[in-house]
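Peer 1: If you scroll down you'll find the structure; I have some questions about it.
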Amino acid sequence: MTLEEMQGQETTMEDTDRVQSAGAALEELLLAAKKEDYLTVGVYESAKVMNVDPDSVAFCVLATDEEYECDIALQIHFTLIQAFCFDNDINVVRVNDIDRLADLVGAEESGEPKDVHCILVTSPSASPWKHSSLDNLGMFCEEKRSGYDWVPAITLPER
């Protein structure tokens, strides 16, 4: 094994550890934000919040799975949401486990599952909400962007 191959393995292991710790931080953030009522769930609901009060958006999660990968309308929404986030310095990540996200953020009052393709963590502009997971995810996103991974993928921990 060459030195480059060994360094490549170490880098891959470090990346896997970072993604797993980012997944745990994302889960913690979503649960804390849900408890504080700082979540906006759904593509259209998120677009409304971004249009009305963009300064209140602290973090964005875009979710898809194999079933929705070819949904052109959803991909267009994702592109517009990502552009908005980049223009407003909002960190954004992708998650490929819609069912797990739906479990975390819960169902609507009618018992129907929520549209979890886009989830915003919001914070009142008057008194910004601070959470250590939000800071950790911000550092994770910044690190990934420095390697030209503009929308990093995060894997949520198994339950």
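The way I read the labels, and the way they are meant: chains A, B, ... in the order of the structure tokens, residue 1 as the first residue of every chain, and ligand 1 as the first ligand shown, with later ones counted on from there.
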Using only C-alpha atoms, which protein or nucleic acid residues come within 10 Å of Asn136 in chain A? Drop anything in the same chain fewer than 5 positions from it, and give the result as a VMD selection string.

Peer 2: chain A and resid 21 to 22 25 to 26 29 131 141 to 142

Peer 1: I need the residues from that last selection saved to file as a PDB file, in the first residue's frame (with C-alpha atoms), if you can.

Peer 2:
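Okay, result_19.pdb is ready:
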```
ATOM      1  CA  SER A  21     -21.335  13.313  13.853  1.00  0.00           C
ATOM      2  CA  ALA A  22     -23.060  15.863  11.613  1.00  0.00           C
ATOM      3  CA  ALA A  25     -25.957  17.070  15.418  1.00  0.00           C
ATOM      4  CA  LEU A  26     -28.727  17.490  12.827  1.00  0.00           C
ATOM      5  CA  LEU A  29     -30.934  20.335  16.278  1.00  0.00           C
ATOM      6  CA  HIS A 131     -27.789  25.928  19.955  1.00  0.00           C
ATOM      7  CA  CYS A 141     -20.986  23.099   6.127  1.00  0.00           C
ATOM      8  CA  GLU A 142     -18.182  25.653   6.015  1.00  0.00           C
TER       9      GLU A 142
END
```

Peer 1: How many Å lie between CA of Tyr148 in chain A and CA of Ser56 in chain A, rounded to one decimal?

Peer 2: 26.1 Å

Peer 1: Gly42 in chain A: which residues within 6 Å, counting only C-alpha atoms, same-chain residues fewer than 2 positions away excluded, as a list in words?

Peer 2: Tyr44, Glu45, Ser46, Asp115, Val116 and Cys118 of chain A

Peer 1: Store the residues of this selection in a file with N, CA, C and O atoms, as a short mmCIF file (atom, residue, chain, number, x, y, z; two decimals), in the first residue's frame.

Peer 2:
```
data_model
loop_
_atom_site.label_atom_id
_atom_site.label_comp_id
_atom_site.auth_asym_id
_atom_site.auth_seq_id
_atom_site.Cartn_x
_atom_site.Cartn_y
_atom_site.Cartn_z
N TYR A 44 -43.50 24.47 0.31
CA TYR A 44 -44.25 25.71 0.14
C TYR A 44 -44.24 26.57 1.40
O TYR A 44 -44.11 27.80 1.33
N GLU A 45 -44.37 25.93 2.55
CA GLU A 45 -44.32 26.67 3.81
C GLU A 45 -42.95 27.34 3.99
O GLU A 45 -42.86 28.48 4.43
N SER A 46 -41.90 26.62 3.61
CA SER A 46 -40.54 27.17 3.71
C SER A 46 -40.36 28.35 2.77
O SER A 46 -39.77 29.37 3.13
N ASP A 115 -44.90 16.98 4.57
CA ASP A 115 -43.98 17.10 3.44
C ASP A 115 -42.64 17.54 4.03
O ASP A 115 -42.46 18.70 4.38
N VAL A 116 -41.71 16.62 4.15
CA VAL A 116 -40.43 16.93 4.78
C VAL A 116 -39.32 17.14 3.75
O VAL A 116 -38.15 17.03 4.08
N CYS A 118 -38.40 19.87 2.55
CA CYS A 118 -37.65 21.05 2.98
C CYS A 118 -38.02 21.35 4.42
O CYS A 118 -39.20 21.42 4.76
#
```

Peer 1: Using backbone DSSP assignments, extract all helix (DSSP H, G or I) residues from chain A; output them as a PyMOL selection string.

Peer 2: chain A and resi 3-36+43-52+54-56+72-87+98-105+132-146

Peer 1: Using only C-alpha atoms, which residues sit within 7 Å of range 88-100 of chain A once same-chain residues fewer than 6 positions away are excluded, as a list in words?

Peer 2: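 Once the nearby chain positions are removed, what remains is Ala58, Phe59, Cys60, Val61, Leu62, Ala63, Thr64, Asp65, Val116, Gly138, Cys141, Val151, Pro152, Ala153, Ile154 and Thr155 of chain A.
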
Peer 1: For CA of Leu39 in chain A and CA of Asp149 in chain A, determine how far apart the two atoms are, in Å to one decimal place.

Peer 2: 25.0 Å

Peer 1: Excluding Leu156 in chain A and any residue of its chain fewer than 2 positions from it, enumerate the residues within 7 Å of it, using only C-alpha atoms, and give them as a ChimeraX atom specification.

Peer 2: /A:23-24,27,154,158

Peer 1: Can those selected residues be exported to a file as a PDB file, in the first residue's frame so that it contains N, CA, C and O atoms?

Peer 2:
```pdb
ATOM      1  N   GLY A  23     -24.690  14.077  11.337  1.00  0.00           N
ATOM      2  CA  GLY A  23     -26.027  13.478  11.384  1.00  0.00           C
ATOM      3  C   GLY A  23     -26.608  13.520  12.787  1.00  0.00           C
ATOM      4  O   GLY A  23     -27.781  13.844  12.976  1.00  0.00           O
ATOM      5  N   ALA A  24     -25.777  13.206  13.769  1.00  0.00           N
ATOM      6  CA  ALA A  24     -26.236  13.261  15.161  1.00  0.00           C
ATOM      7  C   ALA A  24     -26.548  14.709  15.555  1.00  0.00           C
ATOM      8  O   ALA A  24     -27.544  14.969  16.247  1.00  0.00           O
ATOM      9  N   GLU A  27     -29.885  15.696  13.966  1.00  0.00           N
ATOM     10  CA  GLU A  27     -30.997  15.110  14.712  1.00  0.00           C
ATOM     11  C   GLU A  27     -31.250  15.891  16.000  1.00  0.00           C
ATOM     12  O   GLU A  27     -32.392  16.238  16.324  1.00  0.00           O
ATOM     13  N   ILE A 154     -25.836  14.568   4.509  1.00  0.00           N
ATOM     14  CA  ILE A 154     -25.708  14.096   5.883  1.00  0.00           C
ATOM     15  C   ILE A 154     -26.539  12.821   6.024  1.00  0.00           C
ATOM     16  O   ILE A 154     -27.651  12.731   5.500  1.00  0.00           O
ATOM     17  N   GLU A 158     -28.922   5.754  12.756  1.00  0.00           N
ATOM     18  CA  GLU A 158     -29.957   4.715  12.744  1.00  0.00           C
ATOM     19  C   GLU A 158     -30.666   4.662  14.093  1.00  0.00           C
ATOM     20  O   GLU A 158     -30.079   4.929  15.118  1.00  0.00           O
TER      21      GLU A 158
END
```

Peer 1: For CA of Glu143 in chain A and CA of Cys70 in chain A, determine how far apart the two atoms are, in Å to one decimal place.

Peer 2: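 Separation between CA of Glu143 in chain A and CA of Cys70 in chain A: 29.0 Å.
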
Peer 1: Using only C-alpha atoms, which of the listed residues (A:Leu80, A:Ser127, A:Ile119, A:Asp87) sits closest to Leu104 in chain A?

Peer 2: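 Once distances to Leu104 in chain A are computed over only C-alpha atoms, the minimum belongs to A:Ile119.
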
Peer 1: Please provide as a ChimeraX atom specification all residues within 12 Å of Lys35 in chain A, with the sequence filter that same-chain residues fewer than 3 positions apart are discarded (counting only C-alpha atoms).

Peer 2: /A:28-32,38-39,104-106,121

Peer 1: Write out as a list in words all residues of range 56-137 of chain A that DSSP puts in strand (DSSP E) for this structure's backbone.

Peer 2: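 So, restricting range 56-137 of chain A to strand (DSSP E), we get Val57, Ala58, Phe59, Cys60, Val61, Leu62, Ala63, Asn91, Val92, Val93, Arg94, Val95, Cys118, Ile119, Leu120, Val121 and Thr122 of chain A.
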